[in-house]
Amino acid sequence: MRIIIMGPPGVGKGTEAELLVKHYQIPHISTGNIFRELFTHEDSEIGKIAKSYIDRGELVPDDITNQIVCQRLSESDVQKGFLFDGYPRNIEQAKALDRFLEEKNWKLDAVINLTAKTDLIIRRLSGRRVCEHCGAVYHVENKKPKIDGICNQCGGKLIQREDDLEKTVKRRLRIYTEQTKPVVGYYEQSGSIIHVDGGRSINDTHHDIMKVLGE
Ligand code: ADP
Ligand code: ZN
């Protein structure tokens, strides 16, 4: 199964992606997670460059992003399929991905576009907390940890991402509208996109996605 999950920041892509990769037993390729990994756990040059863009709410340059994806696609676990979360984020990246897939003679099975209203997105992002150690995602109202401020999975401390601060959220939403929304149109042309309401609960949305995937 080769899937892309798209949608504005805060729509629940990452959470829904986790449920899908568990179901299909495929690797979860989140470019945002890869970048965060590079600057939190590894002292990498690329990580430092990426962080400077991410903290401002801007997109990491395409050459860096595409290179990271290309490398990831050369690892052996993607043979059984994959799920992209947060990539492609603009038309250039969508074209690069087409080239990567073509080289391998692979076709996408589904592009899922999660939708939600702007006020809901802002509420979700401002309540989002992440484990500073393992990156697990929580929400102060919708997905509380068992112990306040502590990760269920690893006991790490839950923090607010720098780019979830209000002023940065507005910029990310603007960049989404300007650069990522056109990618929805790109996949609409090839007829492969499925729209799912991401404004409901985690489980309801998951069931809707499974239904449209024919499960
Ligand atoms: P969200 O979907 O909530 O914005 P992500 O973890 O997907 O969170 O992305 C966080 C940040 O990482 C983005 O705002 C951007 O700076 C950077 N990033 C992630 N994926 C890409 C990408 N495909 N191209 C460029 N920048 C990216
Ligand atoms: Zn954790």
# chains A, B, ... in the order shown; residues from 1 in each chain; ligands from 1
>>> residues_near_ligand(ligand="ligand 2", cutoff="7 Å", atoms="only C-alpha atoms and all ligand atoms", output="list in words")
Cys131, Glu132, His133, Cys134, Gly135, Ala136, Cys151, Asn152, Gln153, Cys154, Gly155 and Gly156 of chain A
>>> select_by_dssp(residues="stretch 122-211 of chain A", states="helix (DSSP H, G or I)", output="NGL selection string")
:A and (122-127 or 162-164 or 166-189 or 202-211)
>>> residues_near_ligand(ligand="ligand 1", cutoff="7 Å", atoms="only C-alpha atoms and all ligand atoms", output="list in words")
Pro8, Pro9, Gly10, Lys13, Ser30, Thr31, Gly32, Asn33, Phe35, Tyr53, Ile54, Gly57, Glu58, Leu59, Val60, Pro61, Asp62, Thr65, Asp85, Gly86, Tyr87, Pro88, Arg89 and Arg172 of chain A
>>> residues_around(residues="A:Glu141", least_positions_apart="4", cutoff="12 Å", atoms="only C-alpha atoms", output="mmCIF file with C-alpha atoms, in the first residue's frame")
data_model
loop_
_atom_site.group_PDB
_atom_site.id
_atom_site.type_symbol
_atom_site.label_atom_id
_atom_site.label_comp_id
_atom_site.auth_asym_id
_atom_site.auth_seq_id
_atom_site.Cartn_x
_atom_site.Cartn_y
_atom_site.Cartn_z
ATOM 1 C CA ARG A 123 -7.549 25.320 18.462
ATOM 2 C CA ARG A 124 -5.934 22.004 17.719
ATOM 3 C CA LEU A 125 -2.489 23.443 17.102
ATOM 4 C CA SER A 126 -2.470 25.643 20.173
ATOM 5 C CA GLY A 127 -3.456 22.658 22.363
ATOM 6 C CA ARG A 128 -0.945 20.302 20.824
ATOM 7 C CA ARG A 129 1.894 18.996 23.010
ATOM 8 C CA PRO A 145 -1.620 11.826 28.531
ATOM 9 C CA ASP A 148 -0.216 15.532 33.080
ATOM 10 C CA SER A 201 -12.947 12.649 16.456
#
>>> atom_distance(atom1="atom CA of A:Phe84", atom2="atom CA of A:Gly191")
18.2 Å
>>> select_by_dssp(residues="stretch 61-189 of chain A", states="strand (DSSP E or B)", output="PyMOL selection string")
chain A and resi 82-85+110-115+128-131+137-139+143+150+157-159
>>> write_last_selection(atoms="C-alpha atoms", output="PDB file, in the first residue's frame")
ATOM      1  CA  PHE A  82       4.776   3.491   2.763  1.00  0.00           C
ATOM      2  CA  LEU A  83       2.707   6.387   3.960  1.00  0.00           C
ATOM      3  CA  PHE A  84       3.841   9.967   3.335  1.00  0.00           C
ATOM      4  CA  ASP A  85       2.724  12.528   5.888  1.00  0.00           C
ATOM      5  CA  ALA A 110      -4.367   6.599  -2.497  1.00  0.00           C
ATOM      6  CA  VAL A 111      -4.003  10.289  -1.728  1.00  0.00           C
ATOM      7  CA  ILE A 112      -6.101  11.230   1.282  1.00  0.00           C
ATOM      8  CA  ASN A 113      -6.910  14.891   1.835  1.00  0.00           C
ATOM      9  CA  LEU A 114      -8.058  15.696   5.371  1.00  0.00           C
ATOM     10  CA  THR A 115     -10.097  18.889   5.655  1.00  0.00           C
ATOM     11  CA  ARG A 128      -0.945  20.302  20.824  1.00  0.00           C
ATOM     12  CA  ARG A 129       1.894  18.996  23.010  1.00  0.00           C
ATOM     13  CA  VAL A 130       4.698  16.692  21.923  1.00  0.00           C
ATOM     14  CA  CYS A 131       7.072  14.451  23.807  1.00  0.00           C
ATOM     15  CA  VAL A 137       1.766  13.760  19.976  1.00  0.00           C
ATOM     16  CA  TYR A 138      -0.889  14.718  22.576  1.00  0.00           C
ATOM     17  CA  HIS A 139      -3.561  17.384  22.953  1.00  0.00           C
ATOM     18  CA  LYS A 143      -5.723  13.336  23.610  1.00  0.00           C
ATOM     19  CA  ILE A 150       4.374  13.251  30.805  1.00  0.00           C
ATOM     20  CA  LYS A 157       8.432  15.641  29.125  1.00  0.00           C
ATOM     21  CA  LEU A 158       5.625  17.077  26.978  1.00  0.00           C
ATOM     22  CA  ILE A 159       6.375  20.450  25.436  1.00  0.00           C
TER      23      ILE A 159
END
>>> residues_around(residues="A:Glu215", least_positions_apart="6", cutoff="12 Å", atoms="only C-alpha atoms", output="list in words")
Leu20, His23, Tyr24, His206, His207, Asp208 and Ile209 of chain A
>>> write_last_selection(atoms="N, CA and C atoms", output="PDB file, in the first residue's frame")
ATOM      1  N   LEU A  20      -3.045   4.384  10.404  1.00  0.00           N
ATOM      2  CA  LEU A  20      -2.978   3.706   9.105  1.00  0.00           C
ATOM      3  C   LEU A  20      -1.734   2.821   8.970  1.00  0.00           C
ATOM      4  N   HIS A  23      -2.239  -0.317  10.813  1.00  0.00           N
ATOM      5  CA  HIS A  23      -3.142  -1.227  10.108  1.00  0.00           C
ATOM      6  C   HIS A  23      -2.433  -1.933   8.952  1.00  0.00           C
ATOM      7  N   TYR A  24      -1.733  -1.170   8.118  1.00  0.00           N
ATOM      8  CA  TYR A  24      -1.112  -1.754   6.928  1.00  0.00           C
ATOM      9  C   TYR A  24       0.306  -2.268   7.159  1.00  0.00           C
ATOM     10  N   HIS A 206     -10.817   8.069  11.397  1.00  0.00           N
ATOM     11  CA  HIS A 206     -10.142   6.827  11.009  1.00  0.00           C
ATOM     12  C   HIS A 206     -11.116   5.879  10.288  1.00  0.00           C
ATOM     13  N   HIS A 207     -12.321   5.745  10.836  1.00  0.00           N
ATOM     14  CA  HIS A 207     -13.302   4.856  10.201  1.00  0.00           C
ATOM     15  C   HIS A 207     -13.665   5.336   8.802  1.00  0.00           C
ATOM     16  N   ASP A 208     -13.808   6.670   8.655  1.00  0.00           N
ATOM     17  CA  ASP A 208     -14.109   7.209   7.324  1.00  0.00           C
ATOM     18  C   ASP A 208     -12.996   6.886   6.339  1.00  0.00           C
ATOM     19  N   ILE A 209     -11.769   7.041   6.797  1.00  0.00           N
ATOM     20  CA  ILE A 209     -10.634   6.771   5.907  1.00  0.00           C
ATOM     21  C   ILE A 209     -10.624   5.298   5.505  1.00  0.00           C
TER      22      ILE A 209
END
>>> residues_around(residues="A:Gln67", least_positions_apart="2", cutoff="12 Å", atoms="only C-alpha atoms", output="list in words")
Thr31, Ile34, Ile46, Val60, Pro61, Asp62, Asp63, Ile64, Thr65, Val69, Cys70, Gln71, Arg72, Leu73, Ser74, Gln93, Ala96, Leu97 and Phe100 of chain A
>>> atom_distance(atom1="atom CA of A:Val183", atom2="atom CA of A:Asn90")
5.9 Å
>>> decode(residues="stretch 135-147 of chain A", atoms="all heavy atoms", output="mmCIF file, in the first residue's frame")
data_model
loop_
_atom_site.group_PDB
_atom_site.id
_atom_site.type_symbol
_atom_site.label_atom_id
_atom_site.label_comp_id
_atom_site.auth_asym_id
_atom_site.auth_seq_id
_atom_site.Cartn_x
_atom_site.Cartn_y
_atom_site.Cartn_z
ATOM 1 N N GLY A 135 8.752 12.204 20.503
ATOM 2 C CA GLY A 135 7.965 12.860 19.464
ATOM 3 C C GLY A 135 6.485 12.492 19.456
ATOM 4 O O GLY A 135 5.728 12.980 18.618
ATOM 5 N N ALA A 136 6.031 11.633 20.391
ATOM 6 C CA ALA A 136 4.609 11.271 20.436
ATOM 7 C C ALA A 136 3.771 12.545 20.624
ATOM 8 O O ALA A 136 4.189 13.484 21.291
ATOM 9 C CB ALA A 136 4.356 10.298 21.578
ATOM 10 N N VAL A 137 2.574 12.547 19.997
ATOM 11 C CA VAL A 137 1.766 13.760 19.976
ATOM 12 C C VAL A 137 0.548 13.634 20.888
ATOM 13 O O VAL A 137 -0.140 12.621 20.879
ATOM 14 C CB VAL A 137 1.300 14.061 18.527
ATOM 15 C CG1 VAL A 137 0.491 15.340 18.482
ATOM 16 C CG2 VAL A 137 2.506 14.166 17.606
ATOM 17 N N TYR A 138 0.264 14.677 21.664
ATOM 18 C CA TYR A 138 -0.889 14.718 22.576
ATOM 19 C C TYR A 138 -1.647 16.020 22.353
ATOM 20 O O TYR A 138 -1.209 16.893 21.618
ATOM 21 C CB TYR A 138 -0.398 14.644 24.031
ATOM 22 C CG TYR A 138 0.337 13.369 24.336
ATOM 23 C CD1 TYR A 138 1.703 13.251 24.072
ATOM 24 C CD2 TYR A 138 -0.341 12.253 24.830
ATOM 25 C CE1 TYR A 138 2.383 12.069 24.309
ATOM 26 C CE2 TYR A 138 0.331 11.064 25.075
ATOM 27 C CZ TYR A 138 1.687 10.983 24.810
ATOM 28 O OH TYR A 138 2.345 9.806 25.044
ATOM 29 N N HIS A 139 -2.811 16.125 22.998
ATOM 30 C CA HIS A 139 -3.561 17.384 22.953
ATOM 31 C C HIS A 139 -4.146 17.636 24.342
ATOM 32 O O HIS A 139 -4.629 16.696 24.977
ATOM 33 C CB HIS A 139 -4.672 17.302 21.903
ATOM 34 C CG HIS A 139 -5.294 18.642 21.628
ATOM 35 N ND1 HIS A 139 -6.248 19.194 22.452
ATOM 36 C CD2 HIS A 139 -5.061 19.547 20.643
ATOM 37 C CE1 HIS A 139 -6.581 20.381 21.972
ATOM 38 N NE2 HIS A 139 -5.877 20.621 20.884
ATOM 39 N N VAL A 140 -4.106 18.892 24.776
ATOM 40 C CA VAL A 140 -4.533 19.194 26.148
ATOM 41 C C VAL A 140 -6.006 18.846 26.403
ATOM 42 O O VAL A 140 -6.400 18.626 27.545
ATOM 43 C CB VAL A 140 -4.259 20.668 26.538
ATOM 44 C CG1 VAL A 140 -2.756 20.931 26.634
ATOM 45 C CG2 VAL A 140 -4.902 21.631 25.567
ATOM 46 N N GLU A 141 -6.842 18.776 25.320
ATOM 47 C CA GLU A 141 -8.240 18.391 25.522
ATOM 48 C C GLU A 141 -8.591 17.055 24.865
ATOM 49 O O GLU A 141 -9.291 16.233 25.446
ATOM 50 C CB GLU A 141 -9.177 19.453 24.924
ATOM 51 C CG GLU A 141 -9.236 20.732 25.743
ATOM 52 C CD GLU A 141 -9.716 21.893 24.889
ATOM 53 O OE1 GLU A 141 -10.434 21.662 23.900
ATOM 54 O OE2 GLU A 141 -9.334 23.035 25.220
ATOM 55 N N ASN A 142 -8.111 16.836 23.638
ATOM 56 C CA ASN A 142 -8.579 15.678 22.857
ATOM 57 C C ASN A 142 -7.781 14.404 23.054
ATOM 58 O O ASN A 142 -8.247 13.323 22.732
ATOM 59 C CB ASN A 142 -8.532 15.988 21.361
ATOM 60 C CG ASN A 142 -9.194 17.296 21.037
ATOM 61 O OD1 ASN A 142 -10.118 17.707 21.740
ATOM 62 N ND2 ASN A 142 -8.725 17.958 20.005
ATOM 63 N N LYS A 143 -6.541 14.543 23.490
ATOM 64 C CA LYS A 143 -5.723 13.336 23.610
ATOM 65 C C LYS A 143 -4.768 13.549 24.779
ATOM 66 O O LYS A 143 -3.572 13.774 24.599
ATOM 67 C CB LYS A 143 -4.972 13.098 22.287
ATOM 68 C CG LYS A 143 -4.462 11.687 22.124
ATOM 69 C CD LYS A 143 -3.692 11.507 20.831
ATOM 70 C CE LYS A 143 -3.016 10.151 20.778
ATOM 71 N NZ LYS A 143 -1.880 10.129 19.857
ATOM 72 N N LYS A 144 -5.354 13.510 25.992
ATOM 73 C CA LYS A 144 -4.564 13.798 27.182
ATOM 74 C C LYS A 144 -3.650 12.626 27.533
ATOM 75 O O LYS A 144 -4.049 11.473 27.388
ATOM 76 C CB LYS A 144 -5.499 14.041 28.377
ATOM 77 C CG LYS A 144 -6.332 15.299 28.257
ATOM 78 C CD LYS A 144 -7.157 15.484 29.527
ATOM 79 C CE LYS A 144 -8.109 16.642 29.353
ATOM 80 N NZ LYS A 144 -9.124 16.728 30.380
ATOM 81 N N PRO A 145 -2.473 12.911 28.039
ATOM 82 C CA PRO A 145 -1.620 11.826 28.531
ATOM 83 C C PRO A 145 -2.187 11.313 29.854
ATOM 84 O O PRO A 145 -2.999 11.990 30.490
ATOM 85 C CB PRO A 145 -0.280 12.517 28.761
ATOM 86 C CG PRO A 145 -0.633 13.943 29.030
ATOM 87 C CD PRO A 145 -1.870 14.233 28.235
ATOM 88 N N LYS A 146 -1.767 10.118 30.264
ATOM 89 C CA LYS A 146 -2.277 9.565 31.533
ATOM 90 C C LYS A 146 -1.850 10.433 32.708
ATOM 91 O O LYS A 146 -2.618 10.689 33.622
ATOM 92 C CB LYS A 146 -1.771 8.133 31.718
ATOM 93 C CG LYS A 146 -2.409 7.169 30.739
ATOM 94 C CD LYS A 146 -2.121 5.705 31.110
ATOM 95 C CE LYS A 146 -2.623 4.763 30.043
ATOM 96 N NZ LYS A 146 -1.541 4.179 29.242
ATOM 97 N N ILE A 147 -0.601 10.868 32.670
ATOM 98 C CA ILE A 147 -0.122 11.791 33.710
ATOM 99 C C ILE A 147 0.173 13.125 33.037
ATOM 100 O O ILE A 147 0.858 13.170 32.005
ATOM 101 C CB ILE A 147 1.176 11.268 34.375
ATOM 102 C CG1 ILE A 147 0.959 9.849 34.905
ATOM 103 C CG2 ILE A 147 1.656 12.192 35.488
ATOM 104 C CD1 ILE A 147 2.247 9.129 35.271
#
